[in-house]
Amino acid sequence: GAVSIIGSAVRDCRATGMYGTGGVVSTRVSGVSGAVSIIGSTVSGCSAGDEGGVVYARESESLSIAGIDFINSRAGGSGSVLYLDELRQRSSISDASFTGNTAGDDKTIQTDSPIDWDCRLGSWMPRKGSFFGDFSVPECNLCPAGYFGNTSGLFNSSCSGQCTKGHFCEAGTADPEPCP
């Protein structure tokens, strides 16, 4: 079934042992596991012996995160906060911060399943792969100087494209500015 955590302060949860997964939520049964939603909460000090210090989701429906602070969580293996594998639908993350989380392989998030990030215009975030260190959404990665990002859902550093001739684009530009 589905799992929802709404308006909660979740602290010091643990999945122990060498193969412990998902310090708060662990889903791994194909065709049975529903969507996982964590909304308007703070999650701190949670851990897993192996993967997914907070959430380990394998062959689940999807993951939805909104208005969350993930603080000081850890995993012995990979994904100090999230480990996502073969989710059936695209996941979404908005208004979230990831601070002080650690894993054996230094990955804050490990996913082979696409994520829709709610980034500000002028920024981007890869859809899947490995995410390291502290970061937050909607800030995401700024479009580099010389490029602009005037749409949402951008997933590489080329953003919406190169700044147009006769205009300039500082890092994080949403719309190119005319040269003076």
# chains A, B, ... in the order shown; residues from 1 in each chain; ligands from 1
>>> closest_atom_pairs(of="stretch 32-87 of chain A", to="stretch 121-135 of chain A", cutoff="10 Å", atoms="only C-alpha atoms", output="tab-separated table")
residue	atom	partner	partner_atom	distance
A:Phe70	CA	A:Asp134	CA	9.8
A:Ile71	CA	A:Asp134	CA	9.6
A:Ser78	CA	A:Ser130	CA	9.4
A:Gly79	CA	A:Ser130	CA	8.4
A:Ser80	CA	A:Phe132	CA	9.5
A:Leu82	CA	A:Phe131	CA	9.8
A:Tyr83	CA	A:Ser130	CA	9.6
A:Leu84	CA	A:Lys128	CA	9.5
>>> write_last_selection(atoms="N, CA, C and O atoms", output="PDB file, in the first residue's frame")
ATOM      1  N   PHE A  70      15.860  17.368   5.276  1.00  0.00           N
ATOM      2  CA  PHE A  70      16.551  16.123   5.600  1.00  0.00           C
ATOM      3  C   PHE A  70      17.883  16.506   6.232  1.00  0.00           C
ATOM      4  O   PHE A  70      18.731  17.105   5.568  1.00  0.00           O
ATOM      5  N   ILE A  71      18.070  16.156   7.506  1.00  0.00           N
ATOM      6  CA  ILE A  71      19.230  16.618   8.258  1.00  0.00           C
ATOM      7  C   ILE A  71      19.943  15.435   8.916  1.00  0.00           C
ATOM      8  O   ILE A  71      19.317  14.631   9.619  1.00  0.00           O
ATOM      9  N   SER A  78      24.836   3.273   0.220  1.00  0.00           N
ATOM     10  CA  SER A  78      24.549   4.345  -0.725  1.00  0.00           C
ATOM     11  C   SER A  78      23.235   5.055  -0.380  1.00  0.00           C
ATOM     12  O   SER A  78      22.328   4.455   0.175  1.00  0.00           O
ATOM     13  N   GLY A  79      23.150   6.320  -0.752  1.00  0.00           N
ATOM     14  CA  GLY A  79      21.908   7.077  -0.568  1.00  0.00           C
ATOM     15  C   GLY A  79      21.638   7.418   0.886  1.00  0.00           C
ATOM     16  O   GLY A  79      20.779   6.829   1.517  1.00  0.00           O
ATOM     17  N   SER A  80      22.371   8.401   1.421  1.00  0.00           N
ATOM     18  CA  SER A  80      22.176   8.773   2.825  1.00  0.00           C
ATOM     19  C   SER A  80      20.737   9.195   3.104  1.00  0.00           C
ATOM     20  O   SER A  80      20.241   9.010   4.206  1.00  0.00           O
ATOM     21  N   LEU A  82      17.981   9.129   0.112  1.00  0.00           N
ATOM     22  CA  LEU A  82      17.093   8.372  -0.779  1.00  0.00           C
ATOM     23  C   LEU A  82      17.868   7.369  -1.625  1.00  0.00           C
ATOM     24  O   LEU A  82      18.906   7.701  -2.194  1.00  0.00           O
ATOM     25  N   TYR A  83      17.300   6.177  -1.733  1.00  0.00           N
ATOM     26  CA  TYR A  83      17.796   5.169  -2.668  1.00  0.00           C
ATOM     27  C   TYR A  83      16.576   4.699  -3.449  1.00  0.00           C
ATOM     28  O   TYR A  83      15.672   4.083  -2.885  1.00  0.00           O
ATOM     29  N   LEU A  84      16.519   5.047  -4.728  1.00  0.00           N
ATOM     30  CA  LEU A  84      15.353   4.761  -5.561  1.00  0.00           C
ATOM     31  C   LEU A  84      15.763   3.855  -6.708  1.00  0.00           C
ATOM     32  O   LEU A  84      16.686   4.164  -7.446  1.00  0.00           O
TER      33      LEU A  84
END
>>> residues_around(residues="A:Ala9", least_positions_apart="4", cutoff="10 Å", atoms="only C-alpha atoms", output="PyMOL selection string")
chain A and resi 5+40-44+68-69
>>> closest_atom_pairs(of="stretch 40-148 of chain A", to="stretch 166-178 of chain A", cutoff="7 Å", atoms="only C-alpha atoms", output="tab-separated table")
residue	atom	partner	partner_atom	distance
A:Leu121	CA	A:Ala174	CA	5.3
A:Gly122	CA	A:Ala174	CA	4.2
A:Ser123	CA	A:Gly172	CA	5.9
A:Leu142	CA	A:Gly172	CA	4.6
A:Cys143	CA	A:Gly172	CA	4.8
A:Pro144	CA	A:Ala171	CA	4.6
A:Ala145	CA	A:Ala171	CA	4.1
A:Gly146	CA	A:Cys169	CA	5.0
A:Tyr147	CA	A:Cys169	CA	5.9
A:Phe148	CA	A:Thr173	CA	5.0
>>> write_last_selection(atoms="all heavy atoms", output="JSON list (two decimals), in the first residue's frame")
[["chain", "number", "residue", "atom", "x", "y", "z"],
["A", 121, "LEU", "N", 13.43, 29.05, -12.15],
["A", 121, "LEU", "CA", 13.92, 29.40, -13.49],
["A", 121, "LEU", "C", 15.37, 29.84, -13.35],
["A", 121, "LEU", "O", 15.75, 30.46, -12.36],
["A", 121, "LEU", "CB", 13.07, 30.51, -14.10],
["A", 121, "LEU", "CG", 11.61, 30.16, -14.38],
["A", 121, "LEU", "CD1", 10.89, 31.36, -14.98],
["A", 121, "LEU", "CD2", 11.48, 28.96, -15.29],
["A", 122, "GLY", "N", 16.18, 29.51, -14.36],
["A", 122, "GLY", "CA", 17.59, 29.82, -14.31],
["A", 122, "GLY", "C", 18.41, 28.75, -13.61],
["A", 122, "GLY", "O", 19.59, 28.96, -13.31],
["A", 123, "SER", "N", 17.80, 27.60, -13.35],
["A", 123, "SER", "CA", 18.52, 26.51, -12.71],
["A", 123, "SER", "C", 18.09, 25.16, -13.28],
["A", 123, "SER", "O", 17.10, 25.07, -14.01],
["A", 123, "SER", "CB", 18.32, 26.54, -11.19],
["A", 123, "SER", "OG", 16.97, 26.37, -10.84],
["A", 142, "LEU", "N", 22.66, 26.29, -10.68],
["A", 142, "LEU", "CA", 22.44, 27.46, -11.53],
["A", 142, "LEU", "C", 22.88, 27.18, -12.96],
["A", 142, "LEU", "O", 23.90, 26.52, -13.19],
["A", 142, "LEU", "CB", 23.21, 28.66, -11.00],
["A", 142, "LEU", "CG", 22.80, 29.20, -9.64],
["A", 142, "LEU", "CD1", 23.69, 30.38, -9.26],
["A", 142, "LEU", "CD2", 21.34, 29.59, -9.61],
["A", 143, "CYS", "N", 22.12, 27.70, -13.92],
["A", 143, "CYS", "CA", 22.58, 27.66, -15.31],
["A", 143, "CYS", "C", 23.89, 28.45, -15.34],
["A", 143, "CYS", "O", 24.00, 29.51, -14.72],
["A", 143, "CYS", "CB", 21.56, 28.31, -16.24],
["A", 143, "CYS", "SG", 19.99, 27.41, -16.33],
["A", 144, "PRO", "N", 24.92, 27.95, -16.04],
["A", 144, "PRO", "CA", 26.20, 28.65, -16.03],
["A", 144, "PRO", "C", 26.15, 29.98, -16.78],
["A", 144, "PRO", "O", 25.26, 30.21, -17.60],
["A", 144, "PRO", "CB", 27.14, 27.66, -16.74],
["A", 144, "PRO", "CG", 26.25, 26.78, -17.54],
["A", 144, "PRO", "CD", 24.93, 26.74, -16.84],
["A", 145, "ALA", "N", 27.11, 30.84, -16.50],
["A", 145, "ALA", "CA", 27.23, 32.10, -17.23],
["A", 145, "ALA", "C", 27.30, 31.79, -18.72],
["A", 145, "ALA", "O", 27.95, 30.83, -19.14],
["A", 145, "ALA", "CB", 28.46, 32.86, -16.77],
["A", 146, "GLY", "N", 26.59, 32.58, -19.52],
["A", 146, "GLY", "CA", 26.56, 32.37, -20.96],
["A", 146, "GLY", "C", 25.38, 31.52, -21.41],
["A", 146, "GLY", "O", 25.17, 31.34, -22.61],
["A", 147, "TYR", "N", 24.61, 31.00, -20.44],
["A", 147, "TYR", "CA", 23.42, 30.18, -20.74],
["A", 147, "TYR", "C", 22.24, 30.73, -19.95],
["A", 147, "TYR", "O", 22.40, 31.44, -18.96],
["A", 147, "TYR", "CB", 23.66, 28.72, -20.36],
["A", 147, "TYR", "CG", 24.65, 28.04, -21.25],
["A", 147, "TYR", "CD1", 26.02, 28.20, -21.04],
["A", 147, "TYR", "CD2", 24.23, 27.26, -22.31],
["A", 147, "TYR", "CE1", 26.95, 27.58, -21.87],
["A", 147, "TYR", "CE2", 25.15, 26.63, -23.15],
["A", 147, "TYR", "CZ", 26.51, 26.80, -22.92],
["A", 147, "TYR", "OH", 27.41, 26.20, -23.75],
["A", 148, "PHE", "N", 21.03, 30.41, -20.38],
["A", 148, "PHE", "CA", 19.83, 30.86, -19.67],
["A", 148, "PHE", "C", 18.86, 29.68, -19.52],
["A", 148, "PHE", "O", 18.94, 28.69, -20.24],
["A", 148, "PHE", "CB", 19.15, 32.03, -20.40],
["A", 148, "PHE", "CG", 18.54, 31.65, -21.73],
["A", 148, "PHE", "CD1", 17.17, 31.40, -21.82],
["A", 148, "PHE", "CD2", 19.31, 31.54, -22.88],
["A", 148, "PHE", "CE1", 16.60, 31.04, -23.04],
["A", 148, "PHE", "CE2", 18.74, 31.19, -24.10],
["A", 148, "PHE", "CZ", 17.39, 30.94, -24.19]]
>>> residues_around(residues="A:Gly22", least_positions_apart="6", cutoff="7 Å", atoms="only C-alpha atoms", output="ChimeraX atom specification")
/A:15,48,51-56
>>> select_by_dssp(residues="stretch 34-176 of chain A", states="strand (DSSP E)", output="PyMOL selection string")
chain A and resi 36-44+47-48+55-58+63-71+74-75+82-85+91-99+102-103+107-111+115-117+123-124+129-132+135-137+141-142+147-148+161-162+167-168
>>> atom_distance(atom1="atom CA of A:Ser60", atom2="atom CA of A:Arg90")
10.6 Å
>>> residues_around(residues="A:Ala96", least_positions_apart="2", cutoff="7 Å", atoms="only C-alpha atoms", output="PyMOL selection string")
chain A and resi 66-69+93-94+98+136-137
>>> closest_residue(among="A:Val24, A:Ser73, A:Arg120, A:Asp85", to="A:Thr99", atoms="only C-alpha atoms")
A:Ser73
>>> closest_residue(among="A:Thr151, A:Thr164, A:Ser8, A:Ser33", to="A:Cys119", atoms="only C-alpha atoms")
A:Thr151
>>> closest_residue(among="A:Thr102, A:Ser37, A:Ser97, A:Ser91", to="A:Asp116", atoms="only C-alpha atoms")
A:Ser91
>>> atom_distance(atom1="atom CA of A:Arg11", atom2="atom CA of A:Gln89")
28.1 Å
>>> closest_residue(among="A:Arg28, A:Gly76, A:Gly17, A:Leu63", to="A:Ser4", atoms="only C-alpha atoms")
A:Leu63
>>> closest_residue(among="A:Ala75, A:Leu154, A:Val10, A:Leu87", to="A:Asp118", atoms="only C-alpha atoms")
A:Leu154
>>> closest_residue(among="A:Thr21, A:Ser64, A:Ser158, A:Ser26", to="A:Ile39", atoms="only C-alpha atoms")
A:Ser64
>>> atom_distance(atom1="atom CA of A:Gly77", atom2="atom CA of A:Ile109")
11.4 Å
